[in-house]
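So this block is final.pdb, PDB, C-alpha atoms, pLDDT in the B column:
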MODEL        1
ATOM      1  CA  MET A   1     103.378 112.279 119.389  1.00 68.00           C
ATOM      2  CA  ALA A   2     100.857 114.466 117.609  1.00 93.00           C
ATOM      3  CA  ILE A   3     100.143 112.066 114.762  1.00 96.00           C
ATOM      4  CA  HIS A   4      99.389 109.209 117.193  1.00 97.00           C
ATOM      5  CA  ASP A   5      96.955 111.437 119.086  1.00 97.00           C
ATOM      6  CA  ARG A   6      95.246 112.265 115.816  1.00 97.00           C
ATOM      7  CA  LEU A   7      95.033 108.589 114.824  1.00 98.00           C
ATOM      8  CA  GLN A   8      93.731 107.671 118.268  1.00 98.00           C
ATOM      9  CA  SER A   9      90.900 110.188 117.960  1.00 98.00           C
ATOM     10  CA  ILE A  10      90.023 108.859 114.492  1.00 98.00           C
ATOM     11  CA  VAL A  11      89.636 105.281 115.802  1.00 98.00           C
ATOM     12  CA  ASP A  12      87.828 106.543 118.919  1.00 98.00           C
ATOM     13  CA  GLU A  13      85.321 108.580 116.946  1.00 98.00           C
ATOM     14  CA  ASN A  14      84.496 106.041 114.235  1.00 98.00           C
ATOM     15  CA  ASP A  15      83.240 102.488 114.817  1.00 98.00           C
ATOM     16  CA  VAL A  16      84.928 101.148 111.696  1.00 98.00           C
ATOM     17  CA  VAL A  17      88.097 102.696 110.303  1.00 98.00           C
ATOM     18  CA  LEU A  18      90.114 101.480 107.340  1.00 98.00           C
ATOM     19  CA  PHE A  19      93.564 102.991 106.973  1.00 98.00           C
ATOM     20  CA  MET A  20      94.303 102.410 103.321  1.00 98.00           C
ATOM     21  CA  LYS A  21      96.044 103.464 100.145  1.00 96.00           C
ATOM     22  CA  GLY A  22      93.656 105.594  98.122  1.00 97.00           C
ATOM     23  CA  THR A  23      90.009 106.158  98.957  1.00 98.00           C
ATOM     24  CA  PRO A  24      87.086 103.712  99.258  1.00 98.00           C
ATOM     25  CA  ASP A  25      85.943 104.855  95.785  1.00 97.00           C
ATOM     26  CA  PHE A  26      89.432 104.721  94.281  1.00 97.00           C
ATOM     27  CA  PRO A  27      91.700 102.328  96.162  1.00 97.00           C
ATOM     28  CA  GLN A  28      95.283 102.614  94.935  1.00 94.00           C
ATOM     29  CA  CYS A  29      96.374  99.141  95.964  1.00 90.00           C
ATOM     30  CA  GLY A  30      94.807  95.729  95.448  1.00 91.00           C
ATOM     31  CA  PHE A  31      95.044  94.812  99.128  1.00 94.00           C
ATOM     32  CA  SER A  32      93.215  97.972 100.197  1.00 97.00           C
ATOM     33  CA  GLY A  33      90.662  97.355  97.447  1.00 97.00           C
ATOM     34  CA  GLN A  34      89.943  93.838  98.709  1.00 97.00           C
ATOM     35  CA  VAL A  35      89.107  95.050 102.206  1.00 98.00           C
ATOM     36  CA  VAL A  36      86.865  97.815 100.807  1.00 98.00           C
ATOM     37  CA  GLN A  37      84.994  95.159  98.797  1.00 97.00           C
ATOM     38  CA  ILE A  38      84.519  92.974 101.865  1.00 97.00           C
ATOM     39  CA  LEU A  39      83.200  95.887 103.955  1.00 98.00           C
ATOM     40  CA  ASN A  40      80.900  96.961 101.130  1.00 97.00           C
ATOM     41  CA  TYR A  41      79.656  93.405 100.660  1.00 96.00           C
ATOM     42  CA  LEU A  42      78.774  93.276 104.352  1.00 96.00           C
ATOM     43  CA  GLY A  43      77.130  96.695 104.089  1.00 96.00           C
ATOM     44  CA  VAL A  44      79.341  98.124 106.824  1.00 97.00           C
ATOM     45  CA  ASP A  45      79.493 101.886 107.153  1.00 97.00           C
ATOM     46  CA  PHE A  46      83.195 102.747 107.507  1.00 98.00           C
ATOM     47  CA  LYS A  47      85.596 105.640 107.452  1.00 98.00           C
ATOM     48  CA  GLY A  48      88.374 105.263 104.902  1.00 98.00           C
ATOM     49  CA  VAL A  49      91.574 107.167 105.635  1.00 98.00           C
ATOM     50  CA  ASN A  50      93.882 107.657 102.663  1.00 98.00           C
ATOM     51  CA  CYS A  51      97.360 107.209 104.125  1.00 97.00           C
ATOM     52  CA  LEU A  52      99.044 108.182 100.877  1.00 96.00           C
ATOM     53  CA  GLU A  53      98.061 111.788 101.552  1.00 96.00           C
ATOM     54  CA  THR A  54     101.085 112.557 103.701  1.00 95.00           C
ATOM     55  CA  ASP A  55     104.281 110.803 104.702  1.00 95.00           C
ATOM     56  CA  GLU A  56     103.518 111.617 108.326  1.00 96.00           C
ATOM     57  CA  LEU A  57     100.254 109.720 108.089  1.00 96.00           C
ATOM     58  CA  ARG A  58     101.746 106.771 106.207  1.00 94.00           C
ATOM     59  CA  GLN A  59     104.593 106.321 108.681  1.00 95.00           C
ATOM     60  CA  GLY A  60     102.510 107.308 111.705  1.00 97.00           C
ATOM     61  CA  VAL A  61      99.849 104.670 111.192  1.00 97.00           C
ATOM     62  CA  LYS A  62     102.511 101.956 110.960  1.00 95.00           C
ATOM     63  CA  SER A  63     104.048 102.837 114.318  1.00 96.00           C
ATOM     64  CA  PHE A  64     100.618 103.532 115.847  1.00 97.00           C
ATOM     65  CA  SER A  65      99.498  99.968 115.107  1.00 97.00           C
ATOM     66  CA  ASN A  66     102.920  98.325 115.286  1.00 95.00           C
ATOM     67  CA  TRP A  67     102.084  96.955 111.856  1.00 96.00           C
ATOM     68  CA  PRO A  68     104.327  97.595 108.851  1.00 94.00           C
ATOM     69  CA  THR A  69     101.819  97.448 106.014  1.00 94.00           C
ATOM     70  CA  LEU A  70      98.520  98.878 104.778  1.00 95.00           C
ATOM     71  CA  PRO A  71      95.562  98.424 104.817  1.00 97.00           C
ATOM     72  CA  GLN A  72      94.724  98.251 108.527  1.00 98.00           C
ATOM     73  CA  LEU A  73      91.222  97.710 109.877  1.00 98.00           C
ATOM     74  CA  TYR A  74      89.989  98.961 113.251  1.00 98.00           C
ATOM     75  CA  LEU A  75      86.674  98.006 114.858  1.00 98.00           C
ATOM     76  CA  LYS A  76      85.593 100.142 117.829  1.00 98.00           C
ATOM     77  CA  GLY A  77      89.156 101.232 118.435  1.00 98.00           C
ATOM     78  CA  GLU A  78      90.557  97.706 118.277  1.00 97.00           C
ATOM     79  CA  PHE A  79      93.110  96.734 115.628  1.00 98.00           C
ATOM     80  CA  VAL A  80      91.834  93.736 113.667  1.00 98.00           C
ATOM     81  CA  GLY A  81      94.571  93.234 111.091  1.00 98.00           C
ATOM     82  CA  GLY A  82      95.506  93.705 107.466  1.00 97.00           C
ATOM     83  CA  CYS A  83      94.136  92.304 104.232  1.00 97.00           C
ATOM     84  CA  ASP A  84      95.047  88.645 104.824  1.00 97.00           C
ATOM     85  CA  ILE A  85      93.529  88.566 108.300  1.00 98.00           C
ATOM     86  CA  VAL A  86      90.360  90.423 107.275  1.00 98.00           C
ATOM     87  CA  ARG A  87      89.888  88.098 104.295  1.00 97.00           C
ATOM     88  CA  GLU A  88      90.358  84.964 106.430  1.00 97.00           C
ATOM     89  CA  MET A  89      87.947  86.295 109.049  1.00 97.00           C
ATOM     90  CA  PHE A  90      85.409  87.183 106.375  1.00 97.00           C
ATOM     91  CA  GLN A  91      85.602  83.739 104.782  1.00 96.00           C
ATOM     92  CA  SER A  92      85.286  81.923 108.107  1.00 95.00           C
ATOM     93  CA  GLY A  93      82.406  84.104 109.310  1.00 95.00           C
ATOM     94  CA  GLU A  94      84.467  85.502 112.200  1.00 96.00           C
ATOM     95  CA  LEU A  95      84.261  89.035 110.823  1.00 97.00           C
ATOM     96  CA  ALA A  96      80.454  88.998 110.898  1.00 96.00           C
ATOM     97  CA  THR A  97      80.609  87.577 114.426  1.00 96.00           C
ATOM     98  CA  ALA A  98      83.019  90.296 115.523  1.00 97.00           C
ATOM     99  CA  LEU A  99      80.765  92.984 114.027  1.00 97.00           C
ATOM    100  CA  SER A 100      77.666  91.722 115.812  1.00 95.00           C
ATOM    101  CA  GLU A 101      79.510  91.246 119.102  1.00 96.00           C
ATOM    102  CA  LYS A 102      80.681  94.836 118.923  1.00 97.00           C
ATOM    103  CA  GLY A 103      77.210  96.070 118.008  1.00 97.00           C
ATOM    104  CA  ILE A 104      78.258  97.371 114.591  1.00 97.00           C
ATOM    105  CA  ALA A 105      75.465  97.400 112.027  1.00 95.00           C
ATOM    106  CA  PHE A 106      75.911  95.354 108.867  1.00 95.00           C
ATOM    107  CA  LYS A 107      73.767  93.504 106.358  1.00 91.00           C
ATOM    108  CA  ALA A 108      74.044  89.769 106.388  1.00 73.00           C
ATOM    109  CA  PRO A 109      74.271  88.775 102.724  1.00 65.00           C
ATOM    110  CA  ALA A 110      71.489  86.483 101.529  1.00 57.00           C
ATOM    111  CA  GLY A 111      72.183  82.904 102.500  1.00 52.00           C
ATOM    112  CA  ALA A 112      74.794  83.791 105.092  1.00 52.00           C
ATOM    113  CA  ARG A 113      74.360  83.668 108.833  1.00 51.00           C
ATOM    114  CA  ALA A 114      74.957  86.805 110.805  1.00 46.00           C
TER     115      ALA A 114
ATOM    116  CA  MET B   1     109.142  84.150  87.684  1.00 49.00           C
ATOM    117  CA  ASN B   2     109.898  82.278  90.897  1.00 48.00           C
ATOM    118  CA  ALA B   3     113.520  81.721  90.095  1.00 47.00           C
ATOM    119  CA  PRO B   4     115.833  81.840  93.124  1.00 49.00           C
ATOM    120  CA  SER B   5     116.498  85.408  94.073  1.00 56.00           C
ATOM    121  CA  SER B   6     118.475  87.018  96.821  1.00 87.00           C
ATOM    122  CA  ARG B   7     115.611  88.442  98.845  1.00 92.00           C
ATOM    123  CA  ALA B   8     113.526  85.306  98.518  1.00 93.00           C
ATOM    124  CA  ALA B   9     116.506  83.264  99.684  1.00 94.00           C
ATOM    125  CA  ARG B  10     117.074  85.545 102.684  1.00 94.00           C
ATOM    126  CA  ILE B  11     113.402  85.399 103.657  1.00 96.00           C
ATOM    127  CA  ARG B  12     113.444  81.620 103.451  1.00 96.00           C
ATOM    128  CA  GLU B  13     116.600  81.444 105.542  1.00 96.00           C
ATOM    129  CA  LYS B  14     115.306  83.754 108.294  1.00 97.00           C
ATOM    130  CA  LEU B  15     111.963  81.996 108.591  1.00 98.00           C
ATOM    131  CA  HIS B  16     113.567  78.563 108.576  1.00 97.00           C
ATOM    132  CA  ALA B  17     115.976  79.494 111.335  1.00 97.00           C
ATOM    133  CA  ALA B  18     113.359  81.069 113.600  1.00 97.00           C
ATOM    134  CA  LEU B  19     110.229  78.986 112.989  1.00 98.00           C
ATOM    135  CA  ALA B  20     111.517  75.492 112.141  1.00 98.00           C
ATOM    136  CA  PRO B  21     108.559  75.248 109.754  1.00 98.00           C
ATOM    137  CA  ALA B  22     106.870  71.985 108.808  1.00 98.00           C
ATOM    138  CA  SER B  23     106.350  73.626 105.434  1.00 97.00           C
ATOM    139  CA  LEU B  24     107.337  76.943 103.914  1.00 98.00           C
ATOM    140  CA  GLU B  25     106.578  78.588 100.586  1.00 97.00           C
ATOM    141  CA  VAL B  26     108.008  81.966  99.625  1.00 96.00           C
ATOM    142  CA  ILE B  27     106.491  83.289  96.415  1.00 94.00           C
ATOM    143  CA  ASP B  28     107.658  86.434  94.636  1.00 91.00           C
ATOM    144  CA  ASP B  29     104.544  88.303  93.441  1.00 87.00           C
ATOM    145  CA  SER B  30     106.350  91.482  92.423  1.00 84.00           C
ATOM    146  CA  MET B  31     105.424  91.213  88.761  1.00 79.00           C
ATOM    147  CA  LYS B  32     101.701  91.252  89.599  1.00 76.00           C
ATOM    148  CA  HIS B  33     102.058  94.707  91.093  1.00 69.00           C
ATOM    149  CA  VAL B  34     104.091  96.526  88.477  1.00 67.00           C
ATOM    150  CA  GLY B  35     102.512  99.882  87.812  1.00 62.00           C
ATOM    151  CA  HIS B  36     100.496 100.488  90.970  1.00 59.00           C
ATOM    152  CA  ALA B  37     101.328 103.084  93.617  1.00 54.00           C
ATOM    153  CA  HIS B  38     104.789 102.352  95.035  1.00 53.00           C
ATOM    154  CA  ALA B  39     105.145  99.352  92.769  1.00 50.00           C
ATOM    155  CA  PRO B  40     108.515  97.921  91.952  1.00 48.00           C
ATOM    156  CA  ARG B  41     110.413  99.862  89.387  1.00 52.00           C
ATOM    157  CA  PRO B  42     112.114  97.788  86.785  1.00 50.00           C
ATOM    158  CA  GLY B  43     115.804  97.576  87.572  1.00 47.00           C
ATOM    159  CA  LYS B  44     118.575  98.356  85.166  1.00 40.00           C
ATOM    160  CA  ALA B  45     118.393  94.884  83.739  1.00 41.00           C
ATOM    161  CA  GLY B  46     114.599  95.112  83.560  1.00 42.00           C
ATOM    162  CA  GLU B  47     114.197  92.823  86.565  1.00 48.00           C
ATOM    163  CA  PRO B  48     111.268  93.327  88.912  1.00 54.00           C
ATOM    164  CA  GLY B  49     112.146  94.751  92.272  1.00 74.00           C
ATOM    165  CA  GLU B  50     111.466  91.824  94.648  1.00 85.00           C
ATOM    166  CA  THR B  51     109.007  93.983  96.509  1.00 87.00           C
ATOM    167  CA  HIS B  52     105.895  91.821  96.924  1.00 89.00           C
ATOM    168  CA  PHE B  53     105.945  88.349  98.435  1.00 93.00           C
ATOM    169  CA  THR B  54     103.459  85.741  99.572  1.00 96.00           C
ATOM    170  CA  ILE B  55     104.557  83.562 102.459  1.00 97.00           C
ATOM    171  CA  LYS B  56     102.765  80.341 103.321  1.00 98.00           C
ATOM    172  CA  VAL B  57     104.139  78.762 106.439  1.00 98.00           C
ATOM    173  CA  VAL B  58     103.113  75.973 108.800  1.00 98.00           C
ATOM    174  CA  SER B  59     104.897  75.893 112.134  1.00 98.00           C
ATOM    175  CA  GLN B  60     104.358  74.479 115.594  1.00 98.00           C
ATOM    176  CA  VAL B  61     105.436  77.871 116.928  1.00 98.00           C
ATOM    177  CA  PHE B  62     102.067  79.337 115.874  1.00 98.00           C
ATOM    178  CA  GLU B  63      99.995  77.008 118.023  1.00 98.00           C
ATOM    179  CA  GLY B  64      97.788  78.954 120.419  1.00 97.00           C
ATOM    180  CA  LYS B  65      98.754  82.293 118.849  1.00 98.00           C
ATOM    181  CA  SER B  66      96.287  84.743 117.334  1.00 97.00           C
ATOM    182  CA  ARG B  67      96.467  85.806 113.713  1.00 97.00           C
ATOM    183  CA  ILE B  68      97.856  89.198 114.686  1.00 97.00           C
ATOM    184  CA  GLU B  69     100.565  87.576 116.829  1.00 97.00           C
ATOM    185  CA  ARG B  70     101.570  85.247 113.993  1.00 98.00           C
ATOM    186  CA  HIS B  71     101.783  88.075 111.491  1.00 98.00           C
ATOM    187  CA  ARG B  72     103.738  90.228 113.923  1.00 97.00           C
ATOM    188  CA  MET B  73     106.252  87.415 114.485  1.00 97.00           C
ATOM    189  CA  ILE B  74     106.873  87.169 110.754  1.00 97.00           C
ATOM    190  CA  ASN B  75     106.932  90.936 110.279  1.00 96.00           C
ATOM    191  CA  ASP B  76     109.478  91.241 113.097  1.00 95.00           C
ATOM    192  CA  LEU B  77     111.671  88.522 111.610  1.00 97.00           C
ATOM    193  CA  LEU B  78     111.613  90.327 108.283  1.00 96.00           C
ATOM    194  CA  SER B  79     111.789  93.895 109.583  1.00 93.00           C
ATOM    195  CA  GLY B  80     115.228  94.355 108.040  1.00 93.00           C
ATOM    196  CA  GLU B  81     113.844  93.473 104.619  1.00 93.00           C
ATOM    197  CA  ILE B  82     110.776  95.677 105.136  1.00 88.00           C
ATOM    198  CA  GLY B  83     113.099  98.587 105.871  1.00 83.00           C
ATOM    199  CA  GLU B  84     114.953  97.903 102.655  1.00 86.00           C
ATOM    200  CA  GLY B  85     112.359  97.890  99.964  1.00 85.00           C
ATOM    201  CA  LEU B  86     110.208  94.877 100.786  1.00 89.00           C
ATOM    202  CA  HIS B  87     106.906  96.582 100.261  1.00 84.00           C
ATOM    203  CA  ALA B  88     104.137  94.033 100.698  1.00 87.00           C
ATOM    204  CA  LEU B  89     103.819  90.700 102.408  1.00 91.00           C
ATOM    205  CA  SER B  90     100.859  88.415 102.111  1.00 95.00           C
ATOM    206  CA  ILE B  91     100.985  85.958 104.988  1.00 97.00           C
ATOM    207  CA  ASP B  92      99.274  82.630 105.520  1.00 97.00           C
ATOM    208  CA  ALA B  93     100.534  81.319 108.878  1.00 98.00           C
ATOM    209  CA  LYS B  94      99.113  78.096 110.259  1.00 97.00           C
ATOM    210  CA  ALA B  95      99.906  75.657 113.021  1.00 98.00           C
ATOM    211  CA  PRO B  96     100.058  71.969 112.031  1.00 97.00           C
ATOM    212  CA  GLY B  97      96.574  70.495 111.637  1.00 95.00           C
ATOM    213  CA  GLU B  98      94.778  73.814 111.028  1.00 92.00           C
TER     214      GLU B  98
ENDMDL
END

Since I need it in another form, could you write the structure as structure tokens?
Amino acid sequence: MAIHDRLQSIVDENDVVLFMKGTPDFPQCGFSGQVVQILNYLGVDFKGVNCLETDELRQGVKSFSNWPTLPQLYLKGEFVGGCDIVREMFQSGELATALSEKGIAFKAPAGARA
Amino acid sequence: MNAPSSRAARIREKLHAALAPASLEVIDDSMKHVGHAHAPRPGKAGEPGETHFTIKVVSQVFEGKSRIERHRMINDLLSGEIGEGLHALSIDAKAPGE
């Protein structure tokens, strides 16, 4: 399926990909906005993909990930989860651990352990 | 705001039957999302659309399962609702003692 091939190349070519509603500067959904804030807080360079642009993209990303909702975070081609999972992993420190294990650059906020 | 509603009742029923939860909360958040992209449209009677829910569930079934697996189990159980206008689910799925 063409859209899945396109999505696969996006997650292959970018270390951190956030499939979201709206753009990193203008998220159009609170859940997408929360994940953008977390990534920005950690100083992670990421590619935001606005899935509201086309129906093909919005439906395609759901079947691609076998995940019915947005946002969806990928690290080095691996699906991490949606807003709830990313938030839990951020709060527990697992997200920072996953980033360092995968060799993805981020800034450890002052007072936090990388 | 959290008055019994048909979708909330169906969600509760499906999760109860499949997960035998030690505890289960199904919260209708639809009103918080009125006005954003794809938000619930007020119905004819001005009711919110039952589109956004938070589910907090503790079940033995989740023991040893990853977060993604837990979410997928719940998403699969509710796939019929997701196909019919359930737009957003916030999920907190724990095993007992977590």

Applied to the shown file, which residues does the ChimeraX specification (/A :<8) & /B return, written as a PyMOL selection string? chain B and resi 36-37+67-68+72+75+82+87-92

Residues from last step as file, C-alpha atoms, as a CSV table (one decimal), in the coordinates of the input:
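Saved the output as result-v5.csv:
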chain,number,residue,atom,x,y,z
B,36,HIS,CA,100.5,100.5,91.0
B,37,ALA,CA,101.3,103.1,93.6
B,67,ARG,CA,96.5,85.8,113.7
B,68,ILE,CA,97.9,89.2,114.7
B,72,ARG,CA,103.7,90.2,113.9
B,75,ASN,CA,106.9,90.9,110.3
B,82,ILE,CA,110.8,95.7,105.1
B,87,HIS,CA,106.9,96.6,100.3
B,88,ALA,CA,104.1,94.0,100.7
B,89,LEU,CA,103.8,90.7,102.4
B,90,SER,CA,100.9,88.4,102.1
B,91,ILE,CA,101.0,86.0,105.0
B,92,ASP,CA,99.3,82.6,105.5

With distances taken over only C-alpha atoms, the candidate from A:Gln37, A:Ser65, A:Thr97, A:Gln72 nearest Gln8 of chain A is A:Ser65

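Relative to atom CA of Lys14 of chain B, atom CA of Asp28 of chain B is found at 15.9 Å.
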
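With only C-alpha atoms as the atoms that count, the residue of B:Arg12, B:Ala17, B:Glu84, B:Glu50 with the shortest distance to Asp29 of chain B is B:Glu50.
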
So which residues get picked by the PyMOL selection byres ((chain A and resi 99-107) around 8) here, written as a list in words? Asp15, Leu42, Gly43, Val44, Asp45, Leu75, Lys76, Leu95, Ala96, Thr97, Ala98, Ala108, Pro109 and Ala114 of chain A

Next on the checklist: Applying the PyMOL selection byres ((chain B and resi 60) around 7) to the file I just gave you, which residues come out? Please list them as a list in words.
Outcome noted: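 Evaluating the PyMOL selection byres ((chain B and resi 60) around 7) on this file yields Ser59, Val61, Phe62, Glu63, Ala95 and Pro96 of chain B.
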
From the list B:Leu24, B:Ala18, B:Leu78, B:Met31, which residue is nearest His52 of chain B when using all atoms listed in the file?
->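 Using all atoms listed in the file, the shortest distance to His52 of chain B belongs to B:Met31.
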
Computed gap from atom CA of Ser63 of chain A to atom CA of Arg87 of chain A is 22.8 Å

The distance between atom CA of Met20 of chain A and atom CA of Lys56 of chain B is 23.6 Å

Need to verify the contact set: Phe64 of chain A, 12 Å, all atoms listed in the file, exclusion of same-chain residues closer than 5 positions in sequence. Can you return it as an mmCIF file with C-alpha atoms, keeping the file's coordinate frame?
data_model
loop_
_atom_site.group_PDB
_atom_site.id
_atom_site.type_symbol
_atom_site.label_atom_id
_atom_site.label_comp_id
_atom_site.auth_asym_id
_atom_site.auth_seq_id
_atom_site.Cartn_x
_atom_site.Cartn_y
_atom_site.Cartn_z
ATOM 1 C CA MET A 1 103.378 112.279 119.389
ATOM 2 C CA ALA A 2 100.857 114.466 117.609
ATOM 3 C CA ILE A 3 100.143 112.066 114.762
ATOM 4 C CA HIS A 4 99.389 109.209 117.193
ATOM 5 C CA ASP A 5 96.955 111.437 119.086
ATOM 6 C CA ARG A 6 95.246 112.265 115.816
ATOM 7 C CA LEU A 7 95.033 108.589 114.824
ATOM 8 C CA GLN A 8 93.731 107.671 118.268
ATOM 9 C CA SER A 9 90.900 110.188 117.960
ATOM 10 C CA ILE A 10 90.023 108.859 114.492
ATOM 11 C CA VAL A 11 89.636 105.281 115.802
ATOM 12 C CA PHE A 19 93.564 102.991 106.973
ATOM 13 C CA GLU A 56 103.518 111.617 108.326
ATOM 14 C CA LEU A 57 100.254 109.720 108.089
ATOM 15 C CA ARG A 58 101.746 106.771 106.207
ATOM 16 C CA GLN A 59 104.593 106.321 108.681
ATOM 17 C CA THR A 69 101.819 97.448 106.014
ATOM 18 C CA GLN A 72 94.724 98.251 108.527
ATOM 19 C CA TYR A 74 89.989 98.961 113.251
ATOM 20 C CA GLY A 77 89.156 101.232 118.435
ATOM 21 C CA GLU A 78 90.557 97.706 118.277
ATOM 22 C CA PHE A 79 93.110 96.734 115.628
#

Fill-in result for segment 61-69 of chain A, all heavy atoms as an mmCIF file, in the frame of the given file:
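That gives us rebuild18.cif:
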data_model
loop_
_atom_site.group_PDB
_atom_site.id
_atom_site.type_symbol
_atom_site.label_atom_id
_atom_site.label_comp_id
_atom_site.auth_asym_id
_atom_site.auth_seq_id
_atom_site.Cartn_x
_atom_site.Cartn_y
_atom_site.Cartn_z
ATOM 1 N N VAL A 61 100.817 105.742 110.966
ATOM 2 C CA VAL A 61 99.849 104.670 111.192
ATOM 3 C C VAL A 61 100.574 103.336 111.401
ATOM 4 O O VAL A 61 100.114 102.463 112.134
ATOM 5 C CB VAL A 61 98.817 104.607 110.032
ATOM 6 C CG1 VAL A 61 99.426 104.031 108.763
ATOM 7 C CG2 VAL A 61 97.581 103.823 110.454
ATOM 8 N N LYS A 62 101.745 103.199 110.789
ATOM 9 C CA LYS A 62 102.511 101.956 110.960
ATOM 10 C C LYS A 62 103.046 101.828 112.385
ATOM 11 O O LYS A 62 102.973 100.760 112.998
ATOM 12 C CB LYS A 62 103.648 101.893 109.940
ATOM 13 C CG LYS A 62 103.111 101.724 108.519
ATOM 14 C CD LYS A 62 104.197 101.758 107.466
ATOM 15 C CE LYS A 62 103.565 101.669 106.076
ATOM 16 N NZ LYS A 62 104.564 101.727 105.004
ATOM 17 N N SER A 63 103.557 102.915 112.939
ATOM 18 C CA SER A 63 104.048 102.837 114.318
ATOM 19 C C SER A 63 102.885 102.814 115.311
ATOM 20 O O SER A 63 102.948 102.147 116.343
ATOM 21 C CB SER A 63 105.018 103.988 114.612
ATOM 22 O OG SER A 63 104.438 105.227 114.324
ATOM 23 N N PHE A 64 101.801 103.517 114.973
ATOM 24 C CA PHE A 64 100.618 103.532 115.847
ATOM 25 C C PHE A 64 100.103 102.111 116.084
ATOM 26 O O PHE A 64 99.780 101.722 117.208
ATOM 27 C CB PHE A 64 99.535 104.392 115.196
ATOM 28 C CG PHE A 64 98.238 104.464 115.943
ATOM 29 C CD1 PHE A 64 98.147 105.134 117.151
ATOM 30 C CD2 PHE A 64 97.083 103.879 115.415
ATOM 31 C CE1 PHE A 64 96.937 105.208 117.834
ATOM 32 C CE2 PHE A 64 95.884 103.946 116.090
ATOM 33 C CZ PHE A 64 95.806 104.611 117.303
ATOM 34 N N SER A 65 100.046 101.330 115.014
ATOM 35 C CA SER A 65 99.498 99.968 115.107
ATOM 36 C C SER A 65 100.570 98.916 115.331
ATOM 37 O O SER A 65 100.231 97.741 115.514
ATOM 38 C CB SER A 65 98.757 99.617 113.810
ATOM 39 O OG SER A 65 97.788 100.580 113.504
ATOM 40 N N ASN A 66 101.833 99.310 115.287
ATOM 41 C CA ASN A 66 102.920 98.325 115.286
ATOM 42 C C ASN A 66 102.675 97.294 114.201
ATOM 43 O O ASN A 66 102.674 96.091 114.427
ATOM 44 C CB ASN A 66 103.058 97.674 116.671
ATOM 45 C CG ASN A 66 104.192 96.657 116.717
ATOM 46 O OD1 ASN A 66 105.145 96.748 115.927
ATOM 47 N ND2 ASN A 66 104.108 95.694 117.613
ATOM 48 N N TRP A 67 102.445 97.800 113.004
ATOM 49 C CA TRP A 67 102.084 96.955 111.856
ATOM 50 C C TRP A 67 102.689 97.612 110.624
ATOM 51 O O TRP A 67 102.404 98.791 110.370
ATOM 52 C CB TRP A 67 100.561 96.898 111.744
ATOM 53 C CG TRP A 67 100.019 95.790 110.910
ATOM 54 C CD1 TRP A 67 99.576 95.878 109.620
ATOM 55 C CD2 TRP A 67 99.837 94.429 111.303
ATOM 56 N NE1 TRP A 67 99.140 94.655 109.197
ATOM 57 C CE2 TRP A 67 99.280 93.747 110.196
ATOM 58 C CE3 TRP A 67 100.083 93.716 112.478
ATOM 59 C CZ2 TRP A 67 98.975 92.390 110.233
ATOM 60 C CZ3 TRP A 67 99.770 92.377 112.507
ATOM 61 C CH2 TRP A 67 99.224 91.720 111.407
ATOM 62 N N PRO A 68 103.519 96.906 109.863
ATOM 63 C CA PRO A 68 104.327 97.595 108.851
ATOM 64 C C PRO A 68 103.655 97.836 107.514
ATOM 65 O O PRO A 68 104.253 98.438 106.631
ATOM 66 C CB PRO A 68 105.523 96.645 108.672
ATOM 67 C CG PRO A 68 104.961 95.291 108.964
ATOM 68 C CD PRO A 68 103.880 95.491 109.997
ATOM 69 N N THR A 69 102.430 97.347 107.348
ATOM 70 C CA THR A 69 101.819 97.448 106.014
ATOM 71 C C THR A 69 100.415 98.029 106.089
ATOM 72 O O THR A 69 99.794 98.095 107.150
ATOM 73 C CB THR A 69 101.732 96.045 105.362
ATOM 74 O OG1 THR A 69 101.100 95.136 106.284
ATOM 75 C CG2 THR A 69 103.119 95.505 105.021
#
